[in-house]
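Here's the structure, in structure tokens; my notes come after.
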Amino acid sequence: MSAEKVEQKQNDAKIKAIICPSMLSCDFSNLSIEAERMVKNGADWLHMDVMDGHFVPNITIGPVVIKWLRKSHENVFLDCHLMVSDPMKWLEPFAKSGANQISYHYETQRTMQEHRQIIDKILSLNMKASIAVKPKTEISESSSSSAAGDVEQAPSALQVIETFREKLHQVLIMTVEPGFGGQKFMTDQMSKVQFLRKKYPDLNIQVDGGVNVSTIDAAAKAGANVIVSGSGVFGYKEDNALKPDKAIQIMRDSVNNATN
């Protein structure tokens, strides 16, 4: 392989900053307009929080909202985070509605076979697969070792990630308890990000919850490159004027500075 091709392959493998405004913080009476505003202000993806009132106490949106957002925004990447108890049930409806990526929660599947089935189903529907973990879910070598005796029946989060690394487009580390926006960023979750970044240098690692211009550096330095921010983008102000573009740029610069 030539030096030029080697360099190109290395560049292709580098992670990049991906900024994802969480539409949970938008004005839902003007969802399409708000989506367009975020895209024009520099958003890479739009993060869609789907809650069923069971896995989490809140209820938000379903496939029909994704369907109409797709109609008005044909090319935007819709990153759908399913905070639902039975994600398999909703994969086809979201695929038909136009979702690009599905994050399902590790905690909703019990066995390695169940994880295999849901990841393969997501991919078969031409969506990208992502696994999300709640703050109380451990990701470490020790957690993997403790579950080593029964990997197929009760795999740790790390064992699932290791097994399906080549199929996963992303791992989502929750930095708040899922269910409501506007919570305080949980700095202690950065150890998970650091661990995963060291183990998987080219993995997309997403953080979601309490991320804003004040907390972005901690997330970026730990190794997160996919940044979800709701009020941190929609509510960011300079001189009493809303400046979502500035918030997005600050977050992008923080990730880029940490990865270069």
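By convention in this document, the chains of the structure tokens carry letters A, B, ... by their order, each chain's residues are numbered from 1, and ligands are numbered from 1 in the order they are shown.
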*Name the residues in contact with range 46-51 of chain A at a cut-off of 6 Å, using only C-alpha atoms, excluding same-chain residues fewer than 5 positions from it; report them as a list of chain:residue names.*
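Those residues are A:Cys20, A:Pro21, A:Ser22, A:Met23, A:Ile59, A:Thr60, A:Ile61, A:Leu78, A:Asp79, A:Cys80, A:His81, A:Leu82, A:Met83, A:Val84.
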*Do you know which residues are at most 12 Å from Met88 in chain A counting only C-alpha atoms, after dropping those on the same chain fewer than 6 positions away, and could you put them as a list in words?*
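Residues meeting the cut-off are Leu82, Phe94, Ala95, Ile102, Ser103, Tyr104, His105, Thr108, Gln109, Glu114, His115, Arg116, Gln117, Ile118, Ile119, Asp120, Lys121, Ile122 and Leu125 of chain A.
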*Nearby residues (only C-alpha atoms) at most 10 Å from Asn126 in chain A, same-chain spacing under 6 positions excluded, as a ChimeraX atom specification*: /A:95,99-101
_Given only C-alpha atoms as the basis, pick out the residue of A:Asp202, A:Ile19, A:Val65, A:Gly42 nearest to Pro93 in chain A._
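Checking each of A:Asp202, A:Ile19, A:Val65, A:Gly42 against Pro93 in chain A, counting only C-alpha atoms, the winner is A:Val65.
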_Residues flagged helix (DSSP H, G or I) by DSSP in range 11-243 of chain A, as number ranges by chain_ = A: 11-13, 23-25, 28-40, 63-72, 87-97, 106-108, 112-124, 141-146, 148-150, 157-163, 187-199, 216-222, 231-234
*Can you pull out every residue within 12 Å of Gly209 in chain A, counting only C-alpha atoms, but drop anything in the same chain fewer than 5 positions away, and send it as number ranges by chain?*
A: 20-22, 24-25, 47, 49, 134-135, 172-187, 189, 215-216, 219, 227-232
*Which of these residues is nearest to Arg252 in chain A, using only C-alpha atoms: A:Ile66, A:Ala129, A:Val226, A:Ala157?*
A:Val226
*Do you have the CA of Lys192 in chain A-CA of Phe55 in chain A distance handy?*
22.2 Å
*CA of Thr111 in chain A to CA of Asp52 in chain A, distance in Å rounded to a single decimal*: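 A separation of 22.2 Å between them.
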As an mmCIF file with all heavy atoms, in the first residue's frame, which residues of range 11-220 of chain A does DSSP assign to strand (DSSP E or B)?
```cif
data_model
loop_
_atom_site.group_PDB
_atom_site.id
_atom_site.type_symbol
_atom_site.label_atom_id
_atom_site.label_comp_id
_atom_site.auth_asym_id
_atom_site.auth_seq_id
_atom_site.Cartn_x
_atom_site.Cartn_y
_atom_site.Cartn_z
ATOM 1 N N ILE A 18 -19.316 15.579 15.769
ATOM 2 C CA ILE A 18 -20.688 15.508 15.254
ATOM 3 C C ILE A 18 -21.585 16.140 16.308
ATOM 4 O O ILE A 18 -21.704 15.621 17.419
ATOM 5 C CB ILE A 18 -21.113 14.053 14.986
ATOM 6 C CG1 ILE A 18 -20.182 13.404 13.957
ATOM 7 C CG2 ILE A 18 -22.568 13.998 14.513
ATOM 8 C CD1 ILE A 18 -20.413 11.911 13.775
ATOM 9 N N ILE A 19 -22.186 17.261 15.974
ATOM 10 C CA ILE A 19 -22.994 18.015 16.936
ATOM 11 C C ILE A 19 -24.472 17.781 16.628
ATOM 12 O O ILE A 19 -24.931 17.990 15.511
ATOM 13 C CB ILE A 19 -22.671 19.519 16.907
ATOM 14 C CG1 ILE A 19 -21.147 19.738 16.949
ATOM 15 C CG2 ILE A 19 -23.370 20.229 18.062
ATOM 16 C CD1 ILE A 19 -20.448 19.145 18.163
ATOM 17 N N CYS A 20 -25.195 17.353 17.670
ATOM 18 C CA CYS A 20 -26.577 16.901 17.499
ATOM 19 C C CYS A 20 -27.514 17.653 18.439
ATOM 20 O O CYS A 20 -27.701 17.228 19.600
ATOM 21 C CB CYS A 20 -26.697 15.414 17.795
ATOM 22 S SG CYS A 20 -25.322 14.398 17.265
ATOM 23 N N PRO A 21 -28.107 18.742 18.005
ATOM 24 C CA PRO A 21 -29.104 19.394 18.858
ATOM 25 C C PRO A 21 -30.258 18.434 19.180
ATOM 26 O O PRO A 21 -30.760 17.736 18.293
ATOM 27 C CB PRO A 21 -29.595 20.570 18.008
ATOM 28 C CG PRO A 21 -28.465 20.847 17.065
ATOM 29 C CD PRO A 21 -27.878 19.492 16.761
ATOM 30 N N SER A 22 -30.630 18.382 20.451
ATOM 31 C CA SER A 22 -31.749 17.534 20.852
ATOM 32 C C SER A 22 -33.051 18.294 20.634
ATOM 33 O O SER A 22 -33.299 19.326 21.259
ATOM 34 C CB SER A 22 -31.623 17.142 22.329
ATOM 35 O OG SER A 22 -32.801 16.489 22.750
ATOM 36 N N TRP A 45 -26.360 16.339 12.952
ATOM 37 C CA TRP A 45 -27.501 15.429 13.084
ATOM 38 C C TRP A 45 -28.571 16.126 13.910
ATOM 39 O O TRP A 45 -28.291 17.090 14.640
ATOM 40 C CB TRP A 45 -27.122 14.146 13.819
ATOM 41 C CG TRP A 45 -26.060 13.286 13.224
ATOM 42 C CD1 TRP A 45 -25.478 13.415 11.988
ATOM 43 C CD2 TRP A 45 -25.449 12.141 13.842
ATOM 44 N NE1 TRP A 45 -24.550 12.426 11.803
ATOM 45 C CE2 TRP A 45 -24.504 11.629 12.921
ATOM 46 C CE3 TRP A 45 -25.611 11.509 15.083
ATOM 47 C CZ2 TRP A 45 -23.724 10.505 13.204
ATOM 48 C CZ3 TRP A 45 -24.833 10.388 15.362
ATOM 49 C CH2 TRP A 45 -23.906 9.888 14.426
ATOM 50 N N LEU A 46 -29.795 15.621 13.832
ATOM 51 C CA LEU A 46 -30.858 16.020 14.748
ATOM 52 C C LEU A 46 -31.153 14.832 15.650
ATOM 53 O O LEU A 46 -31.422 13.727 15.170
ATOM 54 C CB LEU A 46 -32.121 16.445 13.993
ATOM 55 C CG LEU A 46 -31.974 17.675 13.088
ATOM 56 C CD1 LEU A 46 -33.316 17.993 12.425
ATOM 57 C CD2 LEU A 46 -31.452 18.877 13.853
ATOM 58 N N HIS A 47 -31.094 15.060 16.951
ATOM 59 C CA HIS A 47 -31.288 13.996 17.933
ATOM 60 C C HIS A 47 -32.742 13.972 18.364
ATOM 61 O O HIS A 47 -33.281 14.969 18.859
ATOM 62 C CB HIS A 47 -30.379 14.240 19.139
ATOM 63 C CG HIS A 47 -30.384 13.129 20.145
ATOM 64 N ND1 HIS A 47 -29.670 11.960 19.950
ATOM 65 C CD2 HIS A 47 -31.008 13.003 21.341
ATOM 66 C CE1 HIS A 47 -29.846 11.171 20.999
ATOM 67 N NE2 HIS A 47 -30.661 11.775 21.850
ATOM 68 N N MET A 48 -33.378 12.813 18.183
ATOM 69 C CA MET A 48 -34.794 12.669 18.471
ATOM 70 C C MET A 48 -34.971 11.741 19.675
ATOM 71 O O MET A 48 -34.633 10.555 19.622
ATOM 72 C CB MET A 48 -35.528 12.098 17.253
ATOM 73 C CG MET A 48 -35.207 12.802 15.932
ATOM 74 S SD MET A 48 -35.569 14.584 15.935
ATOM 75 C CE MET A 48 -37.351 14.556 16.107
ATOM 76 N N ASP A 49 -35.487 12.287 20.767
ATOM 77 C CA ASP A 49 -35.681 11.529 22.005
ATOM 78 C C ASP A 49 -37.058 10.886 22.021
ATOM 79 O O ASP A 49 -38.080 11.577 22.076
ATOM 80 C CB ASP A 49 -35.528 12.440 23.222
ATOM 81 C CG ASP A 49 -34.090 12.862 23.442
ATOM 82 O OD1 ASP A 49 -33.244 11.971 23.631
ATOM 83 O OD2 ASP A 49 -33.803 14.072 23.413
ATOM 84 N N VAL A 50 -37.067 9.556 22.001
ATOM 85 C CA VAL A 50 -38.314 8.788 21.964
ATOM 86 C C VAL A 50 -38.508 8.123 23.328
ATOM 87 O O VAL A 50 -37.677 7.323 23.759
ATOM 88 C CB VAL A 50 -38.265 7.718 20.858
ATOM 89 C CG1 VAL A 50 -39.558 6.915 20.831
ATOM 90 C CG2 VAL A 50 -37.997 8.376 19.500
ATOM 91 N N MET A 51 -39.586 8.462 24.016
ATOM 92 C CA MET A 51 -39.849 7.942 25.360
ATOM 93 C C MET A 51 -41.254 7.355 25.425
ATOM 94 O O MET A 51 -42.190 7.916 24.853
ATOM 95 C CB MET A 51 -39.715 9.058 26.399
ATOM 96 C CG MET A 51 -38.402 9.814 26.341
ATOM 97 S SD MET A 51 -38.312 11.115 27.606
ATOM 98 C CE MET A 51 -36.877 12.038 27.021
ATOM 99 N N ASP A 52 -41.364 6.218 26.134
ATOM 100 C CA ASP A 52 -42.626 5.485 26.119
ATOM 101 C C ASP A 52 -43.444 5.575 27.400
ATOM 102 O O ASP A 52 -44.515 4.983 27.507
ATOM 103 C CB ASP A 52 -42.363 4.012 25.801
ATOM 104 C CG ASP A 52 -41.538 3.291 26.874
ATOM 105 O OD1 ASP A 52 -41.084 3.964 27.830
ATOM 106 O OD2 ASP A 52 -41.345 2.064 26.746
ATOM 107 N N ILE A 59 -43.240 10.792 28.314
ATOM 108 C CA ILE A 59 -43.703 10.375 26.991
ATOM 109 C C ILE A 59 -43.411 11.516 26.023
ATOM 110 O O ILE A 59 -43.723 12.676 26.308
ATOM 111 C CB ILE A 59 -45.210 10.050 26.979
ATOM 112 C CG1 ILE A 59 -45.510 8.848 27.886
ATOM 113 C CG2 ILE A 59 -45.691 9.776 25.564
ATOM 114 C CD1 ILE A 59 -46.994 8.529 27.996
ATOM 115 N N PHE A 77 -29.799 13.949 8.893
ATOM 116 C CA PHE A 77 -29.580 12.676 9.592
ATOM 117 C C PHE A 77 -30.389 12.691 10.875
ATOM 118 O O PHE A 77 -30.153 13.509 11.768
ATOM 119 C CB PHE A 77 -28.087 12.504 9.903
ATOM 120 C CG PHE A 77 -27.714 11.139 10.419
ATOM 121 C CD1 PHE A 77 -27.242 10.160 9.552
ATOM 122 C CD2 PHE A 77 -27.822 10.829 11.768
ATOM 123 C CE1 PHE A 77 -26.881 8.896 10.019
ATOM 124 C CE2 PHE A 77 -27.471 9.582 12.253
ATOM 125 C CZ PHE A 77 -27.000 8.606 11.371
ATOM 126 N N LEU A 78 -31.351 11.770 10.977
ATOM 127 C CA LEU A 78 -32.224 11.691 12.144
ATOM 128 C C LEU A 78 -31.728 10.585 13.072
ATOM 129 O O LEU A 78 -31.805 9.392 12.755
ATOM 130 C CB LEU A 78 -33.665 11.443 11.717
ATOM 131 C CG LEU A 78 -34.295 12.551 10.867
ATOM 132 C CD1 LEU A 78 -35.730 12.196 10.481
ATOM 133 C CD2 LEU A 78 -34.255 13.901 11.581
ATOM 134 N N ASP A 79 -31.206 11.009 14.208
ATOM 135 C CA ASP A 79 -30.586 10.142 15.211
ATOM 136 C C ASP A 79 -31.620 9.865 16.291
ATOM 137 O O ASP A 79 -31.881 10.715 17.140
ATOM 138 C CB ASP A 79 -29.361 10.889 15.764
ATOM 139 C CG ASP A 79 -28.716 10.200 16.945
ATOM 140 O OD1 ASP A 79 -28.704 8.962 16.967
ATOM 141 O OD2 ASP A 79 -28.199 10.917 17.838
ATOM 142 N N CYS A 80 -32.213 8.672 16.257
ATOM 143 C CA CYS A 80 -33.349 8.371 17.134
ATOM 144 C C CYS A 80 -32.919 7.539 18.335
ATOM 145 O O CYS A 80 -32.435 6.408 18.182
ATOM 146 C CB CYS A 80 -34.435 7.642 16.354
ATOM 147 S SG CYS A 80 -35.139 8.643 15.014
ATOM 148 N N HIS A 81 -33.108 8.087 19.513
ATOM 149 C CA HIS A 81 -32.737 7.453 20.774
ATOM 150 C C HIS A 81 -34.002 6.867 21.391
ATOM 151 O O HIS A 81 -34.858 7.604 21.882
ATOM 152 C CB HIS A 81 -32.098 8.509 21.691
ATOM 153 C CG HIS A 81 -31.733 8.005 23.037
ATOM 154 N ND1 HIS A 81 -31.387 8.853 24.077
ATOM 155 C CD2 HIS A 81 -31.637 6.744 23.540
ATOM 156 C CE1 HIS A 81 -31.111 8.134 25.152
ATOM 157 N NE2 HIS A 81 -31.269 6.853 24.850
ATOM 158 N N LEU A 82 -34.107 5.537 21.350
ATOM 159 C CA LEU A 82 -35.314 4.868 21.831
ATOM 160 C C LEU A 82 -35.197 4.546 23.320
ATOM 161 O O LEU A 82 -34.567 3.560 23.709
ATOM 162 C CB LEU A 82 -35.575 3.587 21.048
ATOM 163 C CG LEU A 82 -35.739 3.696 19.531
ATOM 164 C CD1 LEU A 82 -36.284 2.394 18.966
ATOM 165 C CD2 LEU A 82 -36.633 4.862 19.136
ATOM 166 N N MET A 83 -35.815 5.368 24.138
ATOM 167 C CA MET A 83 -35.908 5.110 25.576
ATOM 168 C C MET A 83 -37.243 4.410 25.820
ATOM 169 O O MET A 83 -38.182 4.970 26.380
ATOM 170 C CB MET A 83 -35.783 6.419 26.357
ATOM 171 C CG MET A 83 -34.373 6.990 26.328
ATOM 172 S SD MET A 83 -34.272 8.705 26.913
ATOM 173 C CE MET A 83 -34.619 9.579 25.373
ATOM 174 N N GLN A 101 -30.644 6.384 12.260
ATOM 175 C CA GLN A 101 -29.919 5.635 13.285
ATOM 176 C C GLN A 101 -30.829 5.360 14.471
ATOM 177 O O GLN A 101 -31.639 6.218 14.853
ATOM 178 C CB GLN A 101 -28.703 6.427 13.751
ATOM 179 C CG GLN A 101 -27.920 5.767 14.892
ATOM 180 C CD GLN A 101 -26.554 6.387 15.087
ATOM 181 O OE1 GLN A 101 -25.595 5.990 14.441
ATOM 182 N NE2 GLN A 101 -26.460 7.382 15.964
ATOM 183 N N ILE A 102 -30.670 4.180 15.041
ATOM 184 C CA ILE A 102 -31.423 3.806 16.230
ATOM 185 C C ILE A 102 -30.448 3.507 17.366
ATOM 186 O O ILE A 102 -29.558 2.660 17.222
ATOM 187 C CB ILE A 102 -32.299 2.561 15.992
ATOM 188 C CG1 ILE A 102 -33.406 2.846 14.962
ATOM 189 C CG2 ILE A 102 -32.891 2.059 17.309
ATOM 190 C CD1 ILE A 102 -34.489 3.794 15.436
ATOM 191 N N SER A 103 -30.630 4.193 18.485
ATOM 192 C CA SER A 103 -29.937 3.837 19.724
ATOM 193 C C SER A 103 -30.948 3.113 20.606
ATOM 194 O O SER A 103 -31.959 3.689 20.996
ATOM 195 C CB SER A 103 -29.433 5.093 20.455
ATOM 196 O OG SER A 103 -28.379 5.698 19.748
ATOM 197 N N TYR A 104 -30.665 1.847 20.873
ATOM 198 C CA TYR A 104 -31.507 1.099 21.802
ATOM 199 C C TYR A 104 -30.746 0.950 23.115
ATOM 200 O O TYR A 104 -29.514 1.043 23.140
ATOM 201 C CB TYR A 104 -31.871 -0.282 21.236
ATOM 202 C CG TYR A 104 -30.767 -1.305 21.357
ATOM 203 C CD1 TYR A 104 -30.714 -2.193 22.435
ATOM 204 C CD2 TYR A 104 -29.763 -1.389 20.395
ATOM 205 C CE1 TYR A 104 -29.688 -3.122 22.551
ATOM 206 C CE2 TYR A 104 -28.734 -2.320 20.504
ATOM 207 C CZ TYR A 104 -28.701 -3.182 21.589
ATOM 208 O OH TYR A 104 -27.674 -4.094 21.711
ATOM 209 N N HIS A 105 -31.442 0.734 24.195
ATOM 210 C CA HIS A 105 -30.775 0.652 25.490
ATOM 211 C C HIS A 105 -30.324 -0.762 25.823
ATOM 212 O O HIS A 105 -31.109 -1.715 25.728
ATOM 213 C CB HIS A 105 -31.675 1.207 26.602
ATOM 214 C CG HIS A 105 -31.418 2.646 26.872
ATOM 215 N ND1 HIS A 105 -30.489 3.077 27.802
ATOM 216 C CD2 HIS A 105 -31.915 3.763 26.287
ATOM 217 C CE1 HIS A 105 -30.446 4.400 27.800
ATOM 218 N NE2 HIS A 105 -31.295 4.842 26.890
ATOM 219 N N LYS A 128 -28.450 2.706 10.925
ATOM 220 C CA LYS A 128 -27.229 2.475 11.687
ATOM 221 C C LYS A 128 -27.600 2.084 13.115
ATOM 222 O O LYS A 128 -28.592 2.566 13.661
ATOM 223 C CB LYS A 128 -26.337 3.709 11.665
ATOM 224 C CG LYS A 128 -25.815 4.039 10.262
ATOM 225 C CD LYS A 128 -24.811 5.160 10.276
ATOM 226 C CE LYS A 128 -24.351 5.497 8.870
ATOM 227 N NZ LYS A 128 -23.680 4.357 8.206
ATOM 228 N N ALA A 129 -26.776 1.213 13.699
ATOM 229 C CA ALA A 129 -27.069 0.678 15.029
ATOM 230 C C ALA A 129 -26.191 1.330 16.083
ATOM 231 O O ALA A 129 -24.983 1.490 15.904
ATOM 232 C CB ALA A 129 -26.865 -0.830 15.049
ATOM 233 N N SER A 130 -26.828 1.678 17.194
ATOM 234 C CA SER A 130 -26.132 2.296 18.324
ATOM 235 C C SER A 130 -26.691 1.697 19.605
ATOM 236 O O SER A 130 -27.887 1.392 19.686
ATOM 237 C CB SER A 130 -26.350 3.815 18.303
ATOM 238 O OG SER A 130 -25.975 4.417 19.527
ATOM 239 N N ILE A 131 -25.837 1.521 20.589
ATOM 240 C CA ILE A 131 -26.272 1.010 21.886
ATOM 241 C C ILE A 131 -26.077 2.086 22.938
ATOM 242 O O ILE A 131 -25.042 2.768 22.952
ATOM 243 C CB ILE A 131 -25.527 -0.286 22.267
ATOM 244 C CG1 ILE A 131 -26.125 -0.909 23.536
ATOM 245 C CG2 ILE A 131 -24.031 -0.058 22.400
ATOM 246 C CD1 ILE A 131 -25.627 -2.324 23.816
ATOM 247 N N ALA A 132 -27.074 2.281 23.780
ATOM 248 C CA ALA A 132 -27.042 3.305 24.824
ATOM 249 C C ALA A 132 -26.957 2.648 26.195
ATOM 250 O O ALA A 132 -27.525 1.566 26.413
ATOM 251 C CB ALA A 132 -28.298 4.177 24.750
ATOM 252 N N VAL A 133 -26.249 3.301 27.109
ATOM 253 C CA VAL A 133 -26.147 2.789 28.475
ATOM 254 C C VAL A 133 -26.507 3.888 29.472
ATOM 255 O O VAL A 133 -26.109 5.038 29.325
ATOM 256 C CB VAL A 133 -24.744 2.224 28.786
ATOM 257 C CG1 VAL A 133 -24.449 1.012 27.932
ATOM 258 C CG2 VAL A 133 -23.669 3.276 28.595
ATOM 259 N N LEU A 168 -21.657 -1.873 15.251
ATOM 260 C CA LEU A 168 -22.144 -0.682 15.939
ATOM 261 C C LEU A 168 -21.540 0.583 15.343
ATOM 262 O O LEU A 168 -20.316 0.715 15.237
ATOM 263 C CB LEU A 168 -21.816 -0.760 17.427
ATOM 264 C CG LEU A 168 -22.581 -1.800 18.246
ATOM 265 C CD1 LEU A 168 -21.984 -1.911 19.648
ATOM 266 C CD2 LEU A 168 -24.063 -1.447 18.321
ATOM 267 N N HIS A 169 -22.389 1.499 14.988
ATOM 268 C CA HIS A 169 -21.939 2.792 14.487
ATOM 269 C C HIS A 169 -21.555 3.718 15.632
ATOM 270 O O HIS A 169 -20.786 4.654 15.455
ATOM 271 C CB HIS A 169 -23.059 3.430 13.661
ATOM 272 C CG HIS A 169 -22.675 4.704 12.983
ATOM 273 N ND1 HIS A 169 -23.352 5.893 13.179
ATOM 274 C CD2 HIS A 169 -21.680 4.986 12.107
ATOM 275 C CE1 HIS A 169 -22.799 6.842 12.451
ATOM 276 N NE2 HIS A 169 -21.785 6.326 11.796
ATOM 277 N N GLN A 170 -22.076 3.428 16.818
ATOM 278 C CA GLN A 170 -21.915 4.357 17.930
ATOM 279 C C GLN A 170 -22.242 3.678 19.256
ATOM 280 O O GLN A 170 -23.012 2.724 19.306
ATOM 281 C CB GLN A 170 -22.872 5.531 17.710
ATOM 282 C CG GLN A 170 -23.030 6.505 18.841
ATOM 283 C CD GLN A 170 -24.092 7.541 18.558
ATOM 284 O OE1 GLN A 170 -23.829 8.528 17.912
ATOM 285 N NE2 GLN A 170 -25.304 7.298 19.034
ATOM 286 N N VAL A 171 -21.639 4.202 20.328
ATOM 287 C CA VAL A 171 -22.055 3.872 21.693
ATOM 288 C C VAL A 171 -22.463 5.181 22.356
ATOM 289 O O VAL A 171 -21.734 6.181 22.281
ATOM 290 C CB VAL A 171 -20.921 3.200 22.496
ATOM 291 C CG1 VAL A 171 -21.327 3.023 23.952
ATOM 292 C CG2 VAL A 171 -20.565 1.849 21.883
ATOM 293 N N LEU A 172 -23.626 5.175 22.976
ATOM 294 C CA LEU A 172 -24.159 6.362 23.646
ATOM 295 C C LEU A 172 -24.020 6.217 25.159
ATOM 296 O O LEU A 172 -24.575 5.294 25.752
ATOM 297 C CB LEU A 172 -25.628 6.556 23.257
ATOM 298 C CG LEU A 172 -26.498 7.509 24.103
ATOM 299 C CD1 LEU A 172 -25.870 8.878 24.208
ATOM 300 C CD2 LEU A 172 -27.899 7.600 23.516
ATOM 301 N N ILE A 173 -23.277 7.135 25.751
ATOM 302 C CA ILE A 173 -23.127 7.179 27.199
ATOM 303 C C ILE A 173 -24.048 8.260 27.747
ATOM 304 O O ILE A 173 -23.876 9.455 27.455
ATOM 305 C CB ILE A 173 -21.666 7.498 27.598
ATOM 306 C CG1 ILE A 173 -20.706 6.449 27.012
ATOM 307 C CG2 ILE A 173 -21.535 7.573 29.122
ATOM 308 C CD1 ILE A 173 -20.937 5.048 27.493
ATOM 309 N N MET A 174 -25.035 7.856 28.528
ATOM 310 C CA MET A 174 -25.942 8.825 29.124
ATOM 311 C C MET A 174 -25.235 9.565 30.262
ATOM 312 O O MET A 174 -24.646 8.941 31.148
ATOM 313 C CB MET A 174 -27.194 8.139 29.657
ATOM 314 C CG MET A 174 -28.116 7.573 28.590
ATOM 315 S SD MET A 174 -28.740 8.829 27.441
ATOM 316 C CE MET A 174 -29.639 9.905 28.555
ATOM 317 N N ILE A 205 -18.381 7.921 19.964
ATOM 318 C CA ILE A 205 -18.866 7.900 21.340
ATOM 319 C C ILE A 205 -19.729 9.143 21.549
ATOM 320 O O ILE A 205 -19.247 10.276 21.459
ATOM 321 C CB ILE A 205 -17.711 7.868 22.355
ATOM 322 C CG1 ILE A 205 -16.824 6.647 22.118
ATOM 323 C CG2 ILE A 205 -18.262 7.868 23.785
ATOM 324 C CD1 ILE A 205 -15.599 6.590 23.009
ATOM 325 N N GLN A 206 -20.991 8.907 21.814
ATOM 326 C CA GLN A 206 -21.947 9.989 21.995
ATOM 327 C C GLN A 206 -22.213 10.210 23.484
ATOM 328 O O GLN A 206 -22.300 9.251 24.252
ATOM 329 C CB GLN A 206 -23.258 9.661 21.283
ATOM 330 C CG GLN A 206 -24.300 10.776 21.305
ATOM 331 C CD GLN A 206 -25.553 10.397 20.521
ATOM 332 O OE1 GLN A 206 -26.334 9.560 20.944
ATOM 333 N NE2 GLN A 206 -25.725 11.016 19.354
ATOM 334 N N VAL A 207 -22.326 11.466 23.875
ATOM 335 C CA VAL A 207 -22.749 11.808 25.233
ATOM 336 C C VAL A 207 -24.044 12.597 25.137
ATOM 337 O O VAL A 207 -24.222 13.418 24.245
ATOM 338 C CB VAL A 207 -21.676 12.607 26.009
ATOM 339 C CG1 VAL A 207 -20.512 11.713 26.388
ATOM 340 C CG2 VAL A 207 -21.185 13.816 25.223
ATOM 341 N N ASP A 208 -24.926 12.331 26.082
ATOM 342 C CA ASP A 208 -26.265 12.924 26.035
ATOM 343 C C ASP A 208 -26.722 13.232 27.454
ATOM 344 O O ASP A 208 -26.868 12.326 28.272
ATOM 345 C CB ASP A 208 -27.223 11.939 25.361
ATOM 346 C CG ASP A 208 -28.657 12.452 25.279
ATOM 347 O OD1 ASP A 208 -28.900 13.621 25.643
ATOM 348 O OD2 ASP A 208 -29.533 11.674 24.849
#
```
